[in-house]
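Data from structure_4.cif: mmCIF, C-alpha atoms
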data_work
loop_
_atom_site.group_PDB
_atom_site.id
_atom_site.type_symbol
_atom_site.label_atom_id
_atom_site.label_comp_id
_atom_site.auth_asym_id
_atom_site.auth_seq_id
_atom_site.Cartn_x
_atom_site.Cartn_y
_atom_site.Cartn_z
ATOM 1 C CA MET A 211 20.345 19.965 31.445
ATOM 2 C CA PRO A 212 18.364 18.404 34.329
ATOM 3 C CA VAL A 213 20.510 17.305 37.287
ATOM 4 C CA ALA A 214 18.922 15.411 40.192
ATOM 5 C CA VAL A 215 20.200 16.704 43.537
ATOM 6 C CA ASN A 216 19.617 15.540 47.083
ATOM 7 C CA GLN A 217 18.351 18.779 48.625
ATOM 8 C CA THR A 218 18.701 17.597 52.243
ATOM 9 C CA THR A 219 22.477 17.215 52.399
ATOM 10 C CA ILE A 220 25.175 19.805 53.001
ATOM 11 C CA GLU A 221 27.288 17.909 50.464
ATOM 12 C CA SER A 222 24.983 19.211 47.712
ATOM 13 C CA GLY A 223 25.920 22.797 48.584
ATOM 14 C CA PRO A 224 28.053 23.577 45.503
ATOM 15 C CA LEU A 225 25.085 22.803 43.250
ATOM 16 C CA LEU A 226 22.316 24.158 45.469
ATOM 17 C CA ILE A 227 23.835 27.600 45.979
ATOM 18 C CA GLY A 228 26.041 27.836 42.918
ATOM 19 C CA SER A 229 23.520 27.972 40.042
ATOM 20 C CA PRO A 230 25.871 26.516 37.387
ATOM 21 C CA PRO A 231 25.049 27.775 33.874
ATOM 22 C CA GLY A 232 23.080 25.408 31.682
ATOM 23 C CA ILE A 233 21.988 23.269 34.654
ATOM 24 C CA ARG A 234 18.429 22.829 35.947
ATOM 25 C CA VAL A 235 18.627 21.478 39.479
ATOM 26 C CA VAL A 236 15.915 18.911 40.211
ATOM 27 C CA ARG A 237 15.605 18.903 44.006
ATOM 28 C CA LEU A 238 14.800 15.537 45.566
ATOM 29 C CA PRO A 239 14.374 14.317 49.170
ATOM 30 C CA ASN A 240 17.292 11.861 49.239
ATOM 31 C CA GLY A 241 20.172 10.368 47.297
ATOM 32 C CA ARG A 242 18.255 7.211 46.436
ATOM 33 C CA ALA A 243 15.620 9.265 44.617
ATOM 34 C CA ALA A 244 18.289 11.254 42.768
ATOM 35 C CA SER A 245 20.102 8.087 41.675
ATOM 36 C CA ALA A 246 16.821 6.478 40.629
ATOM 37 C CA ARG A 247 16.133 9.403 38.269
ATOM 38 C CA LEU A 248 19.513 8.895 36.611
ATOM 39 C CA VAL A 249 19.041 5.132 36.354
ATOM 40 C CA ALA A 250 15.623 5.719 34.743
ATOM 41 C CA GLY A 251 17.085 8.173 32.231
ATOM 42 C CA GLN A 252 14.924 11.028 33.515
ATOM 43 C CA VAL A 253 17.892 13.337 34.190
ATOM 44 C CA ASP A 254 21.322 13.805 32.627
ATOM 45 C CA ALA A 255 23.267 13.756 35.895
ATOM 46 C CA ALA A 256 22.706 13.177 39.601
ATOM 47 C CA THR A 257 24.450 13.634 42.916
ATOM 48 C CA GLY A 258 24.996 10.778 45.332
ATOM 49 C CA SER A 259 27.389 8.975 47.611
ATOM 50 C CA GLU A 260 29.789 6.398 46.234
ATOM 51 C CA THR A 261 27.555 3.724 47.791
ATOM 52 C CA GLN A 262 24.627 4.786 45.596
ATOM 53 C CA ALA A 263 26.858 4.879 42.514
ATOM 54 C CA THR A 264 28.112 1.369 43.305
ATOM 55 C CA LEU A 265 24.545 0.069 43.534
ATOM 56 C CA SER A 266 23.117 2.095 40.638
ATOM 57 C CA ALA A 267 25.859 1.148 38.168
ATOM 58 C CA VAL A 268 24.636 -2.451 38.309
ATOM 59 C CA LEU A 269 21.183 -1.288 37.192
ATOM 60 C CA ARG A 270 22.652 1.066 34.588
ATOM 61 C CA PRO A 271 26.169 0.025 33.528
ATOM 62 C CA GLN A 272 26.530 3.241 31.508
ATOM 63 C CA LEU A 273 26.715 5.252 34.753
ATOM 64 C CA ARG A 274 29.941 7.194 35.249
ATOM 65 C CA VAL A 275 31.315 9.074 38.260
ATOM 66 C CA ILE A 276 32.819 12.326 36.967
ATOM 67 C CA LEU A 277 33.491 14.531 40.016
ATOM 68 C CA THR A 278 33.655 14.388 43.806
ATOM 69 C CA LEU A 279 31.613 17.315 45.091
ATOM 70 C CA ALA A 280 32.199 16.725 48.796
ATOM 71 C CA GLU A 281 33.842 14.462 51.327
ATOM 72 C CA CYS A 282 32.139 13.995 54.666
ATOM 73 C CA HIS A 283 33.218 12.202 57.821
ATOM 74 C CA TYR A 284 30.299 10.251 59.294
ATOM 75 C CA ARG A 285 29.646 10.157 63.013
ATOM 76 C CA MET A 286 27.937 7.513 65.124
ATOM 77 C CA VAL A 287 25.958 8.870 68.068
ATOM 78 C CA GLY A 288 24.626 6.922 71.042
ATOM 79 C CA ARG A 289 22.993 7.500 74.426
ATOM 80 C CA ARG A 290 25.239 7.200 77.461
ATOM 81 C CA SER A 291 22.110 6.392 79.492
ATOM 82 C CA ALA A 292 21.709 3.234 77.384
ATOM 83 C CA GLY A 293 25.092 2.020 78.619
ATOM 84 C CA ILE A 294 26.946 2.957 75.426
ATOM 85 C CA HIS A 295 30.508 4.235 75.632
ATOM 86 C CA ARG A 296 32.228 2.411 72.759
ATOM 87 C CA ILE A 297 31.357 0.357 69.686
ATOM 88 C CA ALA A 298 31.505 -2.955 71.571
ATOM 89 C CA ASP A 299 28.665 -1.715 73.801
ATOM 90 C CA LEU A 300 26.286 -1.818 70.819
ATOM 91 C CA ARG A 301 25.831 -5.580 71.187
ATOM 92 C CA GLY A 302 22.118 -6.171 71.726
ATOM 93 C CA LYS A 303 21.329 -2.450 71.472
ATOM 94 C CA ARG A 304 18.791 -0.789 69.167
ATOM 95 C CA VAL A 305 20.769 0.940 66.417
ATOM 96 C CA ALA A 306 19.113 3.138 63.779
ATOM 97 C CA TYR A 307 20.269 3.182 60.168
ATOM 98 C CA THR A 308 18.854 3.500 56.641
ATOM 99 C CA PRO A 309 19.164 0.223 54.691
ATOM 100 C CA ALA A 310 20.993 0.015 51.350
ATOM 101 C CA THR A 311 22.656 3.416 51.830
ATOM 102 C CA SER A 312 25.973 4.751 53.078
ATOM 103 C CA SER A 313 24.349 4.726 56.516
ATOM 104 C CA GLU A 314 24.207 0.925 56.443
ATOM 105 C CA TYR A 315 27.724 0.612 55.039
ATOM 106 C CA PHE A 316 29.078 2.961 57.718
ATOM 107 C CA LEU A 317 27.299 0.998 60.441
ATOM 108 C CA ARG A 318 28.731 -2.305 59.206
ATOM 109 C CA VAL A 319 32.251 -0.855 59.071
ATOM 110 C CA MET A 320 31.938 0.524 62.592
ATOM 111 C CA LEU A 321 30.501 -2.706 64.002
ATOM 112 C CA ALA A 322 33.318 -4.699 62.407
ATOM 113 C CA THR A 323 35.896 -2.723 64.417
ATOM 114 C CA ALA A 324 34.508 -4.460 67.525
ATOM 115 C CA GLY A 325 33.995 -7.845 65.865
ATOM 116 C CA LEU A 326 30.242 -7.272 65.512
ATOM 117 C CA ASP A 327 27.754 -7.435 62.636
ATOM 118 C CA LEU A 328 24.093 -6.561 62.111
ATOM 119 C CA ALA A 329 23.120 -9.887 63.668
ATOM 120 C CA ASP A 330 24.633 -8.698 66.967
ATOM 121 C CA ILE A 331 22.405 -5.613 67.285
ATOM 122 C CA ALA A 332 18.675 -4.865 67.207
ATOM 123 C CA PRO A 333 18.348 -2.970 63.882
ATOM 124 C CA VAL A 334 16.001 0.026 63.801
ATOM 125 C CA LYS A 335 15.394 0.980 60.165
ATOM 126 C CA LEU A 336 14.612 4.686 59.877
ATOM 127 C CA GLU A 337 14.930 7.598 57.488
ATOM 128 C CA PRO A 338 17.627 10.116 58.531
ATOM 129 C CA GLU A 339 15.402 12.847 59.931
ATOM 130 C CA ALA A 340 13.603 10.358 62.209
ATOM 131 C CA MET A 341 16.777 9.217 63.985
ATOM 132 C CA PRO A 342 17.505 12.088 66.419
ATOM 133 C CA PRO A 343 13.898 12.096 67.736
ATOM 134 C CA ALA A 344 14.041 8.303 68.113
ATOM 135 C CA LEU A 345 17.133 8.637 70.304
ATOM 136 C CA VAL A 346 15.536 11.369 72.397
ATOM 137 C CA ARG A 347 12.370 9.302 72.926
ATOM 138 C CA GLY A 348 14.371 6.202 73.819
ATOM 139 C CA GLN A 349 13.157 4.283 70.763
ATOM 140 C CA ALA A 350 16.760 3.779 69.624
ATOM 141 C CA ASP A 351 20.015 3.596 71.558
ATOM 142 C CA ALA A 352 22.373 4.730 68.788
ATOM 143 C CA MET A 353 22.396 5.885 65.161
ATOM 144 C CA ALA A 354 24.735 5.692 62.160
ATOM 145 C CA MET A 355 24.074 8.513 59.715
ATOM 146 C CA TRP A 356 25.398 11.397 57.643
ATOM 147 C CA GLU A 357 25.295 15.067 58.615
ATOM 148 C CA PRO A 358 23.497 17.132 59.743
ATOM 149 C CA HIS A 359 21.537 14.398 61.555
ATOM 150 C CA PRO A 360 24.340 13.336 63.950
ATOM 151 C CA GLN A 361 24.767 16.978 64.938
ATOM 152 C CA ASN A 362 21.017 17.253 65.505
ATOM 153 C CA ALA A 363 21.199 14.199 67.768
ATOM 154 C CA ILE A 364 24.187 15.574 69.681
ATOM 155 C CA ASP A 365 22.359 18.865 70.253
ATOM 156 C CA ALA A 366 19.136 17.138 71.289
ATOM 157 C CA LEU A 367 20.782 14.678 73.689
ATOM 158 C CA GLY A 368 23.175 17.150 75.296
ATOM 159 C CA GLN A 369 25.325 15.500 77.979
ATOM 160 C CA ASP A 370 23.712 12.138 77.256
ATOM 161 C CA ALA A 371 25.301 12.033 73.773
ATOM 162 C CA ILE A 372 28.344 9.886 73.070
ATOM 163 C CA VAL A 373 30.142 10.064 69.695
ATOM 164 C CA MET A 374 31.745 6.720 68.929
ATOM 165 C CA THR A 375 34.957 6.337 66.956
ATOM 166 C CA ASP A 376 36.968 3.602 65.290
ATOM 167 C CA PRO A 377 39.667 2.641 67.834
ATOM 168 C CA ARG A 378 42.040 1.547 65.061
ATOM 169 C CA LYS A 379 42.007 4.803 63.116
ATOM 170 C CA PRO A 380 40.242 7.465 65.154
ATOM 171 C CA PRO A 381 38.143 9.391 64.761
ATOM 172 C CA HIS A 382 36.584 7.987 61.582
ATOM 173 C CA ALA A 383 36.151 4.506 60.156
ATOM 174 C CA TYR A 384 34.643 5.834 56.933
ATOM 175 C CA PHE A 385 34.166 9.103 55.122
ATOM 176 C CA GLU A 386 31.789 9.514 52.266
ATOM 177 C CA ARG A 387 32.733 10.614 48.759
ATOM 178 C CA PHE A 388 29.696 12.481 47.467
ATOM 179 C CA ASN A 389 29.861 12.615 43.692
ATOM 180 C CA LEU A 390 28.361 13.964 40.511
ATOM 181 C CA ASN A 391 27.374 11.085 38.236
ATOM 182 C CA THR A 392 26.231 10.950 34.627
ATOM 183 C CA THR A 393 26.044 8.406 31.782
ATOM 184 C CA THR A 394 28.088 7.579 28.712
ATOM 185 C CA ALA A 395 25.207 8.852 26.530
ATOM 186 C CA VAL A 396 25.616 12.321 28.038
ATOM 187 C CA LEU A 397 29.402 12.192 27.888
ATOM 188 C CA ASN A 398 29.287 11.238 24.197
ATOM 189 C CA ASP A 399 26.944 14.136 23.357
ATOM 190 C CA PRO A 400 29.152 17.189 22.579
ATOM 191 C CA ALA A 401 26.563 19.759 23.691
ATOM 192 C CA ARG A 402 25.725 18.075 26.982
ATOM 193 C CA ARG A 403 29.383 17.314 27.678
ATOM 194 C CA ALA A 404 30.218 20.997 27.164
ATOM 195 C CA ALA A 405 27.426 21.916 29.587
ATOM 196 C CA LEU A 406 28.948 19.601 32.205
ATOM 197 C CA VAL A 407 32.377 21.170 31.715
ATOM 198 C CA ARG A 408 30.929 24.652 32.276
ATOM 199 C CA ALA A 409 28.998 23.424 35.316
ATOM 200 C CA ILE A 410 32.098 21.870 36.870
ATOM 201 C CA ARG A 411 34.009 25.135 36.503
ATOM 202 C CA THR A 412 31.259 26.922 38.445
ATOM 203 C CA ILE A 413 31.132 24.110 41.011
ATOM 204 C CA ALA A 414 34.885 24.494 41.520
ATOM 205 C CA GLU A 415 34.519 28.247 42.083
ATOM 206 C CA VAL A 416 31.717 27.763 44.597
ATOM 207 C CA SER A 417 33.677 24.998 46.334
ATOM 208 C CA GLN A 418 36.676 27.285 46.726
ATOM 209 C CA GLU A 419 34.385 29.952 48.223
ATOM 210 C CA LEU A 420 32.839 27.445 50.635
ATOM 211 C CA THR A 421 36.323 26.454 51.733
ATOM 212 C CA ALA A 422 37.785 29.941 52.046
ATOM 213 C CA HIS A 423 34.749 31.878 53.327
ATOM 214 C CA PRO A 424 32.225 29.383 54.690
ATOM 215 C CA ARG A 425 30.413 31.756 57.061
ATOM 216 C CA LYS A 426 29.515 34.004 54.144
ATOM 217 C CA HIS A 427 27.596 31.162 52.505
ATOM 218 C CA TRP A 428 26.040 29.391 55.497
ATOM 219 C CA PRO A 429 22.784 31.420 55.359
ATOM 220 C CA ALA A 430 22.161 30.437 51.724
ATOM 221 C CA LEU A 431 23.131 26.849 52.436
ATOM 222 C CA SER A 432 20.857 26.830 55.487
ATOM 223 C CA GLN A 433 17.909 27.860 53.358
ATOM 224 C CA ALA A 434 18.794 25.383 50.615
ATOM 225 C CA VAL A 435 19.037 22.291 52.852
ATOM 226 C CA ASN A 436 16.588 23.421 55.553
ATOM 227 C CA ALA A 437 19.090 23.197 58.413
ATOM 228 C CA PRO A 438 19.810 25.970 60.935
ATOM 229 C CA VAL A 439 23.020 27.919 60.470
ATOM 230 C CA SER A 440 24.043 26.908 64.002
ATOM 231 C CA VAL A 441 23.826 23.216 63.074
ATOM 232 C CA ILE A 442 25.749 23.725 59.829
ATOM 233 C CA GLU A 443 28.456 25.614 61.718
ATOM 234 C CA LYS A 444 28.943 22.812 64.250
ATOM 235 C CA ALA A 445 28.906 20.088 61.577
ATOM 236 C CA TRP A 446 31.183 22.001 59.190
ATOM 237 C CA PRO A 447 34.494 20.452 60.361
ATOM 238 C CA GLN A 448 33.291 17.106 58.962
ATOM 239 C CA PHE A 449 33.252 18.435 55.367
ATOM 240 C CA ARG A 450 35.609 19.108 52.487
ATOM 241 C CA PHE A 451 34.645 20.285 48.986
ATOM 242 C CA PRO A 452 37.425 19.133 46.623
ATOM 243 C CA ALA A 453 35.670 19.523 43.229
ATOM 244 C CA ARG A 454 38.009 16.956 41.693
ATOM 245 C CA LEU A 455 38.097 13.248 40.943
ATOM 246 C CA ASP A 456 40.806 11.279 42.727
ATOM 247 C CA THR A 457 40.412 8.025 40.810
ATOM 248 C CA GLU A 458 43.124 6.154 42.714
ATOM 249 C CA SER A 459 41.560 6.864 46.109
ATOM 250 C CA LEU A 460 38.029 6.274 44.885
ATOM 251 C CA ILE A 461 38.731 2.915 43.250
ATOM 252 C CA ALA A 462 40.271 1.723 46.527
ATOM 253 C CA VAL A 463 37.086 2.728 48.350
ATOM 254 C CA LEU A 464 34.840 1.084 45.753
ATOM 255 C CA THR A 465 36.863 -2.118 45.987
ATOM 256 C CA ASP A 466 36.432 -2.213 49.762
ATOM 257 C CA MET A 467 32.735 -1.424 49.423
ATOM 258 C CA GLU A 468 31.899 -3.888 46.649
ATOM 259 C CA PRO A 469 31.374 -6.995 48.848
ATOM 260 C CA TRP A 470 28.764 -5.034 50.840
ATOM 261 C CA ALA A 471 27.049 -3.820 47.660
ATOM 262 C CA ALA A 472 27.047 -7.336 46.229
ATOM 263 C CA GLY A 473 25.399 -8.583 49.412
ATOM 264 C CA VAL A 474 22.713 -5.895 49.247
ATOM 265 C CA GLN A 475 21.912 -6.804 45.640
ATOM 266 C CA LYS A 476 22.425 -10.559 46.115
ATOM 267 C CA ARG A 477 24.931 -10.897 43.281
ATOM 268 C CA ALA A 478 28.576 -11.758 42.712
ATOM 269 C CA PRO A 479 31.111 -8.998 43.448
ATOM 270 C CA ARG A 480 32.573 -7.155 40.484
ATOM 271 C CA SER A 481 36.301 -7.050 39.785
ATOM 272 C CA ARG A 482 38.504 -4.051 40.467
ATOM 273 C CA GLY A 483 38.689 -3.468 36.705
ATOM 274 C CA GLU A 484 34.904 -3.427 36.386
ATOM 275 C CA LEU A 485 34.665 -0.928 39.226
ATOM 276 C CA ALA A 486 37.393 1.255 37.710
ATOM 277 C CA ALA A 487 35.306 1.504 34.534
ATOM 278 C CA MET A 488 32.722 3.475 36.540
ATOM 279 C CA LEU A 489 35.139 6.413 36.895
ATOM 280 C CA ASP A 490 35.607 8.939 34.091
ATOM 281 C CA PRO A 491 37.927 11.872 34.913
ATOM 282 C CA GLY A 492 37.795 13.297 31.386
ATOM 283 C CA VAL A 493 35.192 16.020 31.971
ATOM 284 C CA ALA A 494 36.926 17.187 35.145
ATOM 285 C CA ARG A 495 40.223 17.444 33.236
ATOM 286 C CA GLU A 496 38.543 19.483 30.492
ATOM 287 C CA ALA A 497 37.234 21.800 33.209
ATOM 288 C CA GLY A 498 40.747 22.268 34.583
ATOM 289 C CA ARG A 499 40.194 20.011 37.603
#
I need this file expressed as structure tokens, please.
Amino acid sequence: MPVAVNQTTIESGPLLIGSPPGIRVVRLPNGRAASARLVAGQVDAATGSETQATLSAVLRPQLRVILTLAECHYRMVGRRSAGIHRIADLRGKRVAYTPATSSEYFLRVMLATAGLDLADIAPVKLEPEAMPPALVRGQADAMAMWEPHPQNAIDALGQDAIVMTDPRKPPHAYFERFNLNTTTAVLNDPARRAALVRAIRTIAEVSQELTAHPRKHWPALSQAVNAPVSVIEKAWPQFRFPARLDTESLIAVLTDMEPWAAGVQKRAPRSRGELAAMLDPGVAREAGR
């Protein structure tokens, strides 16, 4: 069973180092590419943030979220030398983000805590790996991104780095739910469904190992995602690996996120019931999760 996986994110760890039986991991450079493979029917499952699932399910209504692989707190990093000490200081500043991703959603949520929107900043649209160098070179004043890129920026900037938080609910305005997604066609196929059940059991075992003995697995994860062990170690407190599907929590997040997704796709927002239909906990239950 081919499963598209973002090979650049720590969140993908349970699949990248776990080698679930019956699964062929298709390594891709980002979550958008992984989701696109699932939407096109080229793979049977794919990893991705809840933002990508929200967008992709419009293009392929048969998409279903079946497991949360990881949860990750996002961090916003700025340059003190650019006069940035809090979110309100971003007005008029050059802020890097990746459009139509969780990076953009995170940025909008953070800006809203200070009564700002994208119109109040100078957007710098970049891919994740380009953001820390842009801050160092002074081409951007701040960035909104997932790990390990904020940690890379913090390391590169040293004392000039400022990590901004949501003053209403510090330290995080948003944390990502990074999921395993599939389609109803796969779920209705007994053989492929059974393969997913077996895979989820292995994912759960690996997730428990990552939680209990992370240092043991950092070298393999470092090689898998091409990030130094030292960076993974410093970013590690931002992560959890639940290997479950909390439908109640996730539907609340999707409901909050839907107006943003509708704006990105220039369509009417879906109802809570329509969003709830994206979640299918059945396979996780069969796997004992």
Kindly compute an axis-aligned box around the listed atoms of range 238-254 of chain A, allowing 4 Å on each side, and express its centre and edge lengths in Å to one decimal as JSON.
{"center_x": 17.8, "center_y": 10.3, "center_z": 40.7, "size_x": 14.9, "size_y": 18.4, "size_z": 25.0}
Checklist entry - Excluding same-chain residues fewer than 5 positions from Arg387 in chain A, what lies within 7 Å of it counting all atoms listed in the file, as a PyMOL selection string? => result chain A and resi 259-260+278+280-282
Checklist entry - Could you pull the residues within 12 Å of Ala395 in chain A, counting all atoms listed in the file, minus those fewer than 6 positions along the same chain, as JSON, numbers by chain? => result {"A": [248, 251, 253, 254, 255, 270, 271, 272, 273, 274, 401, 402, 403]}
Checklist entry - Residues around (24.1, 8.3, 69.6), cut-off 9 Å, counting all atoms listed in the file - what are they as a ChimeraX atom specification? => result /A:285-290,294,305,342,345,350-354,360,363-364,367,370-374
Item to check | Distance criterion (only C-alpha atoms): nearest to Ala256 in chain A out of A:Ala244, A:Ala329, A:Met355, A:Val435 | outcome: A:Ala244
Checklist entry - Of the candidates A:Ser222, A:Asn216, A:Thr393, A:Thr257, which shows the shortest atom-to-atom distance to Phe449 in chain A, using all atoms listed in the file? => result A:Ser222
Item to check | Counting all atoms listed in the file, the option among A:Val493, A:Trp356, A:His283, A:Gly228 closest to Leu397 in chain A | outcome: A:Val493
Which residues would end up in the selection if the PyMOL selection byres ((chain A and resi 258) around 12) were applied here, given that I need the answer as a tab-separated table (two decimals) with C-alpha atoms, in the coordinates of the input?
chain	number	residue	atom	x	y	z
A	213	VAL	CA	20.51	17.30	37.29
A	214	ALA	CA	18.92	15.41	40.19
A	215	VAL	CA	20.20	16.70	43.54
A	216	ASN	CA	19.62	15.54	47.08
A	217	GLN	CA	18.35	18.78	48.62
A	218	THR	CA	18.70	17.60	52.24
A	219	THR	CA	22.48	17.22	52.40
A	220	ILE	CA	25.18	19.80	53.00
A	221	GLU	CA	27.29	17.91	50.46
A	222	SER	CA	24.98	19.21	47.71
A	238	LEU	CA	14.80	15.54	45.57
A	239	PRO	CA	14.37	14.32	49.17
A	240	ASN	CA	17.29	11.86	49.24
A	241	GLY	CA	20.17	10.37	47.30
A	242	ARG	CA	18.26	7.21	46.44
A	243	ALA	CA	15.62	9.26	44.62
A	244	ALA	CA	18.29	11.25	42.77
A	245	SER	CA	20.10	8.09	41.68
A	246	ALA	CA	16.82	6.48	40.63
A	247	ARG	CA	16.13	9.40	38.27
A	248	LEU	CA	19.51	8.90	36.61
A	255	ALA	CA	23.27	13.76	35.90
A	256	ALA	CA	22.71	13.18	39.60
A	257	THR	CA	24.45	13.63	42.92
A	259	SER	CA	27.39	8.98	47.61
A	260	GLU	CA	29.79	6.40	46.23
A	261	THR	CA	27.56	3.72	47.79
A	262	GLN	CA	24.63	4.79	45.60
A	263	ALA	CA	26.86	4.88	42.51
A	264	THR	CA	28.11	1.37	43.30
A	265	LEU	CA	24.54	0.07	43.53
A	266	SER	CA	23.12	2.10	40.64
A	274	ARG	CA	29.94	7.19	35.25
A	275	VAL	CA	31.32	9.07	38.26
A	276	ILE	CA	32.82	12.33	36.97
A	277	LEU	CA	33.49	14.53	40.02
A	278	THR	CA	33.66	14.39	43.81
A	279	LEU	CA	31.61	17.32	45.09
A	280	ALA	CA	32.20	16.73	48.80
A	281	GLU	CA	33.84	14.46	51.33
A	311	THR	CA	22.66	3.42	51.83
A	312	SER	CA	25.97	4.75	53.08
A	386	GLU	CA	31.79	9.51	52.27
A	387	ARG	CA	32.73	10.61	48.76
A	388	PHE	CA	29.70	12.48	47.47
A	389	ASN	CA	29.86	12.62	43.69
A	390	LEU	CA	28.36	13.96	40.51
A	391	ASN	CA	27.37	11.08	38.24
A	392	THR	CA	26.23	10.95	34.63
Checklist entry - Which residues match the PyMOL selection byres ((chain A and resi 334) around 7) in the file above, as a PyMOL selection string? => result chain A and resi 304-307+332-333+335-336+350
Checklist entry - Which residue, A:Val396, A:Ile233, A:Leu225, A:Leu455, has the smallest gap to Arg495 in chain A when you use all atoms listed in the file? => result A:Leu455
Checklist outcome for this item: Closest of A:Leu406, A:Arg425, A:Glu337, A:Val463 to Tyr384 in chain A, counting only C-alpha atoms, is A:Val463
Checklist outcome for this item: Pairwise distance, CA of Leu431 in chain A with CA of Arg411 in chain A, equals 19.4 Å
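The nearest approach to Arg408 in chain A among the residues A:Arg482, A:Arg499, A:Lys444, A:Arg318, with all atoms listed in the file taken into account, belongs to A:Arg499.
Taking CA of Val346 in chain A and CA of His359 in chain A as endpoints, the distance between them is 12.8 Å.
CA of Leu420 in chain A to CA of Gln361 in chain A spans 19.5 Å [interatomic distance, one decimal].
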Item to check | Surrounding residues of Pro479 in chain A excluding itself and chain neighbours under 3 positions, 7 Å, all atoms listed in the file, as a VMD selection string | outcome: chain A and resid 468 to 469 472
Starting from the sparse input, extend range 414-428 of chain A to N, CA, C and O atoms and give the output as a compact mmCIF listing (two decimals), keeping the file's coordinate frame.
# COMPACT_ATOMS: atom_id res chain seq x y z
N ALA A 414 33.55 24.31 40.94
CA ALA A 414 34.88 24.49 41.52
C ALA A 414 35.02 25.87 42.17
O ALA A 414 35.59 26.01 43.26
N GLU A 415 34.47 26.89 41.52
CA GLU A 415 34.52 28.25 42.08
C GLU A 415 33.73 28.32 43.39
O GLU A 415 34.20 28.91 44.38
N VAL A 416 32.55 27.75 43.39
CA VAL A 416 31.72 27.76 44.60
C VAL A 416 32.39 26.96 45.71
O VAL A 416 32.39 27.36 46.88
N SER A 417 33.00 25.84 45.34
CA SER A 417 33.68 25.00 46.33
C SER A 417 34.84 25.74 46.98
O SER A 417 35.08 25.63 48.19
N GLN A 418 35.57 26.49 46.18
CA GLN A 418 36.68 27.28 46.73
C GLN A 418 36.15 28.35 47.69
O GLN A 418 36.75 28.62 48.74
N GLU A 419 35.00 28.96 47.35
CA GLU A 419 34.38 29.95 48.22
C GLU A 419 33.92 29.31 49.53
O GLU A 419 34.10 29.87 50.61
N LEU A 420 33.30 28.14 49.43
CA LEU A 420 32.84 27.44 50.64
C LEU A 420 34.01 27.09 51.55
O LEU A 420 33.87 27.07 52.77
N THR A 421 35.14 26.81 50.95
CA THR A 421 36.32 26.45 51.73
C THR A 421 36.97 27.69 52.35
O THR A 421 37.36 27.68 53.53
N ALA A 422 37.08 28.75 51.58
CA ALA A 422 37.78 29.94 52.05
C ALA A 422 36.93 30.84 52.93
O ALA A 422 37.43 31.44 53.89
N HIS A 423 35.64 30.95 52.61
CA HIS A 423 34.75 31.88 53.33
C HIS A 423 33.42 31.20 53.67
O HIS A 423 32.35 31.63 53.22
N PRO A 424 33.45 30.14 54.46
CA PRO A 424 32.22 29.38 54.69
C PRO A 424 31.11 30.18 55.35
O PRO A 424 29.94 30.04 54.98
N ARG A 425 31.46 31.03 56.33
CA ARG A 425 30.41 31.76 57.06
C ARG A 425 29.57 32.63 56.14
O ARG A 425 28.38 32.83 56.36
N LYS A 426 30.21 33.15 55.11
CA LYS A 426 29.52 34.00 54.14
C LYS A 426 28.38 33.26 53.45
O LYS A 426 27.34 33.85 53.10
N HIS A 427 28.55 31.94 53.30
CA HIS A 427 27.60 31.16 52.50
C HIS A 427 26.66 30.29 53.35
O HIS A 427 25.75 29.66 52.81
N TRP A 428 26.90 30.22 54.65
CA TRP A 428 26.04 29.39 55.50
C TRP A 428 24.56 29.79 55.45
O TRP A 428 23.70 28.91 55.43
